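J.: Just passing along the structure, written as structure tokens.
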Amino acid sequence: MTPPRHVIVCGAGVVGASIAYFLARRGIAVTVLERSGVACAASGKSGGFLALDWCDGSPLGPLARASFALHAELAKELGADYGYRRMDTFMLAARETGTVAGGHRVAAPRWLDGAGVVTAALGSTETTAQVTPARFTGALLDAARARGATLRIALVEDVARRDATASGVVTAEGETVQGDAVVLAMGPWTGRLAGRLRLPGIYGLKGYSVTLAAPDVPAHALFVDYRTADGRALEPEIFPRPEGEVYVCGMADPAPLPESPELVEVNDGSCAVLARAAGRVSTTLADARIVRRQACYRPVTDDGLPLIGRVPGLRGAYVATGHGPWGILNAPATGLAMAELVAEDAPSLVDLRAFDPARLRAAR
Ligand SMILES: Cc1cc2nc3c(=O)[nH]c(=O)nc-3n(C[C@H](O)[C@H](O)[C@H](O)COP(=O)(O)OP(=O)(O)OC[C@H]3O[C@@H](n4cnc5c(N)ncnc54)[C@H](O)[C@@H]3O)c2cc1C
């Protein structure tokens, strides 16, 4: 197979940025088309927590392990500081009012001095880590651009085709941007093209987050089993970041995916619940000012596995999305494997068969 000379990557989230980087690293010309801004959606608003072995036992296991190793390599290779560091990770139980019976069940870090109980150590610096997702996505794209990739702001509306082969994309302005191959990585919005292509359904699942101003909090990721005063069971996740903020996320919301990332609405009540939960596990966090309130949609599929592979029935068209709660973790191996698939027709880093879009019925 002759490798394509010019690839169009649609979407500048973490998945599109990673694919662009690994294609550019191979010397392939890349144009990234992004409707709004780099990392403007989930890839700029998510947790950035990474785990070596939490996907073991599922088809995602090898992708996650390869990605965890690639994250460590990229932290050196990209030459940018985007907050990559290893962490210890703990499970806690906490209530909005009252206490949890019994004391800590494992040795608890001193800053966890609220009403919560540490129930388990979930990971160590060998197995868990983090990045700051917006900065990581930006660093990947900057490195792709340093190798000749270009970024254009444009809304992709369709894949252009000649016979049964992709020849580029059509933008909302009616322009056809020519390319020898097209990769669709538009997160949950990739689903908007599913009806025109033979792609399965791709949806968005909404979640909220806040960041708190809290310098000097140690690198300990927290997963909390939390009950609100009105009896709701929630599972907030708390990630201190090296830049002096603590990120807290959770609160799934069935609200439908809006037309564009700019139209995602933030609910202050949901953000307040998250900030309060953080305050229950640490007095430092109880006193911390909320810096940002955010919401975003993770891309999900019908079987919970990503779509990474060829668009059925259309030569030269590929898709990479549906990474659910693990898109930041799994972006590196997705990018490298997709670059191998596009350039050589044969990914060698990980077996992509479990992620083949053809495994699911096309949405129509
Ligand atoms: C609250 C929350 C916390 C999370 N925490 C973690 C975590 O700790 N660890 C982890 O690994 N994962 C986490 N995730 C999951 C992760 O954020 C996502 O899986 C990942 O960001 C998806 O990346 P993406 O590039 O596929 O999509 P997106 O980030 O959605 O990017 C898609 C891009 O495509 C653009 N686009 C859309 N339509 C078009 C169009 N027509 N033309 C051109 N461009 C278009 C968008 O503007 C956007 O920039 C979390 C998700 C949520 C919601």
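Residues are named by chain letter and number: chains run A, B, ... in the order of the structure tokens, numbers start at 1 in each chain, and ligands are numbered from 1 in the order shown.
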Dump the neighbourhood of ligand 1 as a ChimeraX atom specification: all residues within 7 Å, distances computed on only C-alpha atoms and all ligand atoms.

T.: /A:10-16,33-50,154-157,185-190,205-209,249-250,260-261,295-299,321-330

J.: Among segment 136-264 of chain A, which residues does DSSP mark as alpha helix (DSSP H) when it is run on the backbone? Keep the chain and numbering as in the structure and answer as a list in words.

T.: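 Answer for segment 136-264 of chain A restricted to alpha helix (DSSP H) is Phe136, Thr137, Gly138, Ala139, Leu140, Leu141, Asp142, Ala143, Ala144, Arg145 and Ala146 of chain A.
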
J.: Output the selection as a PDB file, in the first residue's frame - N, CA and C atoms for each residue.

T.:
```pdb
ATOM      1  N   PHE A 136      -2.069  19.076  27.742  1.00  0.00           N
ATOM      2  CA  PHE A 136      -1.551  17.884  27.048  1.00  0.00           C
ATOM      3  C   PHE A 136      -1.993  17.894  25.573  1.00  0.00           C
ATOM      4  N   THR A 137      -3.279  18.178  25.370  1.00  0.00           N
ATOM      5  CA  THR A 137      -3.814  18.225  23.994  1.00  0.00           C
ATOM      6  C   THR A 137      -3.087  19.310  23.194  1.00  0.00           C
ATOM      7  N   GLY A 138      -2.902  20.480  23.823  1.00  0.00           N
ATOM      8  CA  GLY A 138      -2.191  21.576  23.152  1.00  0.00           C
ATOM      9  C   GLY A 138      -0.757  21.193  22.820  1.00  0.00           C
ATOM     10  N   ALA A 139      -0.101  20.478  23.741  1.00  0.00           N
ATOM     11  CA  ALA A 139       1.301  20.084  23.510  1.00  0.00           C
ATOM     12  C   ALA A 139       1.406  19.103  22.342  1.00  0.00           C
ATOM     13  N   LEU A 140       0.444  18.172  22.242  1.00  0.00           N
ATOM     14  CA  LEU A 140       0.448  17.229  21.113  1.00  0.00           C
ATOM     15  C   LEU A 140       0.283  17.985  19.791  1.00  0.00           C
ATOM     16  N   LEU A 141      -0.654  18.925  19.779  1.00  0.00           N
ATOM     17  CA  LEU A 141      -0.903  19.651  18.537  1.00  0.00           C
ATOM     18  C   LEU A 141       0.270  20.569  18.185  1.00  0.00           C
ATOM     19  N   ASP A 142       0.841  21.206  19.188  1.00  0.00           N
ATOM     20  CA  ASP A 142       2.026  22.055  18.927  1.00  0.00           C
ATOM     21  C   ASP A 142       3.148  21.213  18.325  1.00  0.00           C
ATOM     22  N   ALA A 143       3.332  20.002  18.883  1.00  0.00           N
ATOM     23  CA  ALA A 143       4.412  19.138  18.372  1.00  0.00           C
ATOM     24  C   ALA A 143       4.095  18.673  16.949  1.00  0.00           C
ATOM     25  N   ALA A 144       2.814  18.437  16.653  1.00  0.00           N
ATOM     26  CA  ALA A 144       2.427  18.071  15.278  1.00  0.00           C
ATOM     27  C   ALA A 144       2.708  19.240  14.338  1.00  0.00           C
ATOM     28  N   ARG A 145       2.374  20.452  14.790  1.00  0.00           N
ATOM     29  CA  ARG A 145       2.583  21.638  13.944  1.00  0.00           C
ATOM     30  C   ARG A 145       4.073  21.897  13.742  1.00  0.00           C
ATOM     31  N   ALA A 146       4.870  21.614  14.765  1.00  0.00           N
ATOM     32  CA  ALA A 146       6.324  21.783  14.611  1.00  0.00           C
ATOM     33  C   ALA A 146       6.864  20.824  13.547  1.00  0.00           C
TER      34      ALA A 146
END
```

J.: Give me, as a ChimeraX atom specification, all polymer residues having an atom no more than 12 Å from Gly231 of chain A, counting only C-alpha atoms and skipping those fewer than 5 positions away in the same chain.

T.: /A:95-97,226

J.: What's around Ala219 of chain A at 8 Å? Count only C-alpha atoms, leave out sequence neighbours fewer than 6 positions away in its own chain, and write the answer as a list in words.

T.: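 Neighbouring residues, sequence-local ones excluded: Arg86, Met87, Asp88, Phe239, Pro240, Arg241 and Pro242 of chain A.
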
J.: Would you list the contacts of Glu77 of chain A as a PDB file with N, CA and C atoms, in the first residue's frame, taking every protein, DNA or RNA residue within 12 Å and counting only C-alpha atoms, but skipping same-chain residues closer than 3 positions in sequence?

T.:
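What follows is the written file around.pdb:
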```
ATOM      1  N   TYR A  21      -0.318  14.138  15.724  1.00  0.00           N
ATOM      2  CA  TYR A  21       1.089  14.080  16.140  1.00  0.00           C
ATOM      3  C   TYR A  21       1.791  12.839  15.570  1.00  0.00           C
ATOM      4  N   PHE A  22       1.157  11.683  15.724  1.00  0.00           N
ATOM      5  CA  PHE A  22       1.844  10.452  15.292  1.00  0.00           C
ATOM      6  C   PHE A  22       1.913  10.351  13.763  1.00  0.00           C
ATOM      7  N   ARG A  25       4.749  12.759  12.884  1.00  0.00           N
ATOM      8  CA  ARG A  25       6.041  12.162  13.288  1.00  0.00           C
ATOM      9  C   ARG A  25       6.561  11.204  12.230  1.00  0.00           C
ATOM     10  N   LEU A  70       3.192   5.017  26.811  1.00  0.00           N
ATOM     11  CA  LEU A  70       3.439   6.121  25.872  1.00  0.00           C
ATOM     12  C   LEU A  70       3.342   7.477  26.559  1.00  0.00           C
ATOM     13  N   HIS A  71       2.435   7.615  27.546  1.00  0.00           N
ATOM     14  CA  HIS A  71       2.344   8.888  28.280  1.00  0.00           C
ATOM     15  C   HIS A  71       3.699   9.229  28.907  1.00  0.00           C
ATOM     16  N   ALA A  72       4.349   8.226  29.488  1.00  0.00           N
ATOM     17  CA  ALA A  72       5.659   8.485  30.119  1.00  0.00           C
ATOM     18  C   ALA A  72       6.681   8.903  29.064  1.00  0.00           C
ATOM     19  N   GLU A  73       6.634   8.257  27.886  1.00  0.00           N
ATOM     20  CA  GLU A  73       7.582   8.615  26.811  1.00  0.00           C
ATOM     21  C   GLU A  73       7.292  10.011  26.269  1.00  0.00           C
ATOM     22  N   LEU A  74       5.995  10.310  26.065  1.00  0.00           N
ATOM     23  CA  LEU A  74       5.625  11.613  25.500  1.00  0.00           C
ATOM     24  C   LEU A  74       6.026  12.754  26.432  1.00  0.00           C
ATOM     25  N   ALA A  80       7.382  19.668  26.614  1.00  0.00           N
ATOM     26  CA  ALA A  80       6.487  20.695  27.163  1.00  0.00           C
ATOM     27  C   ALA A  80       6.023  20.235  28.540  1.00  0.00           C
ATOM     28  N   ASP A  81       5.752  21.200  29.413  1.00  0.00           N
ATOM     29  CA  ASP A  81       5.240  20.853  30.738  1.00  0.00           C
ATOM     30  C   ASP A  81       3.715  20.925  30.705  1.00  0.00           C
ATOM     31  N   ALA A 139      -0.101  20.478  23.741  1.00  0.00           N
ATOM     32  CA  ALA A 139       1.301  20.084  23.510  1.00  0.00           C
ATOM     33  C   ALA A 139       1.406  19.103  22.342  1.00  0.00           C
ATOM     34  N   LEU A 140       0.444  18.172  22.242  1.00  0.00           N
ATOM     35  CA  LEU A 140       0.448  17.229  21.113  1.00  0.00           C
ATOM     36  C   LEU A 140       0.283  17.985  19.791  1.00  0.00           C
ATOM     37  N   ALA A 143       3.332  20.002  18.883  1.00  0.00           N
ATOM     38  CA  ALA A 143       4.412  19.138  18.372  1.00  0.00           C
ATOM     39  C   ALA A 143       4.095  18.673  16.949  1.00  0.00           C
TER      40      ALA A 143
END
```

J.: May I have the residues within 9 Å of Leu60 of chain A as a VMD selection string, using only C-alpha atoms and disregarding those fewer than 6 positions away in the same chain?

T.: chain A and resid 305 to 306 330 354 to 355

J.: Please provide as a list in words all residues within 9 Å of Ala362 of chain A, with the sequence filter that same-chain residues fewer than 6 positions apart are discarded (counting only C-alpha atoms).

T.: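 Near Ala362 of chain A, the qualifying residues are Ala194, Gly195, Leu197, Arg198, Leu199, Pro200 and Gly201 of chain A.
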
J.: Could you check how far atom CA of Val291 of chain A sits from atom CA of Ile238 of chain A, in Å to one decimal?

T.: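 Separating atom CA of Val291 of chain A from atom CA of Ile238 of chain A is a distance of 14.7 Å.
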
J.: Pick out the closest residue to Leu184 of chain A from this set: A:Ala317, A:Ala17, A:Met1, A:Met91. Count only C-alpha atoms.

T.: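 Smallest distance to Leu184 of chain A is found for A:Ala317.
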
J.: Using DSSP secondary structure from the backbone, list all strand (DSSP E) positions within segment 154-358 of chain A, as an MDAnalysis selection string.

T.: chainID A and resid 156:162 165:171 176:178 181:184 202:213 220:227 233:234 237:240 245:253 290:301 307:310 317:321

J.: Using only C-alpha atoms, can you tell me which of A:Gly123, A:Pro62, A:Thr228, A:Ala115 comes closest to Ser282 of chain A?

T.: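 Closest candidate: A:Ala115.
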
J.: When you draw a straight line from atom CA of Leu341 of chain A to atom CA of Gly179 of chain A, how long is it in Å?

T.: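 The value is 16.1 Å.
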
J.: Nearest residue to Ser67 of chain A out of A:Pro332, A:Val182, A:Val30, A:Tyr318, using only C-alpha atoms?

T.: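 Of A:Pro332, A:Val182, A:Val30, A:Tyr318, the one nearest Ser67 of chain A, counting only C-alpha atoms, is A:Pro332.
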
J.: So which one's closest to Glu243 of chain A, A:Leu193, A:Ala288, A:Val224, A:Val131? Using only C-alpha atoms, please.

T.: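 Among A:Leu193, A:Ala288, A:Val224, A:Val131, it is A:Val131 that comes nearest to Glu243 of chain A.
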
J.: Counting only C-alpha atoms, figure out which residue out of A:Val169, A:Ala333, A:Leu92, A:Cys55 gets nearest to Leu112 of chain A.

T.: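 The shortest atom-to-atom distance to Leu112 of chain A comes from A:Leu92.
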
J.: Point out the residue among A:Pro59, A:Gly79, A:Gly27, A:Gly204 with the least atom-to-atom distance to Ala149 of chain A, counting only C-alpha atoms.

T.: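 Counting only C-alpha atoms, the residue closest to Ala149 of chain A is A:Gly27.
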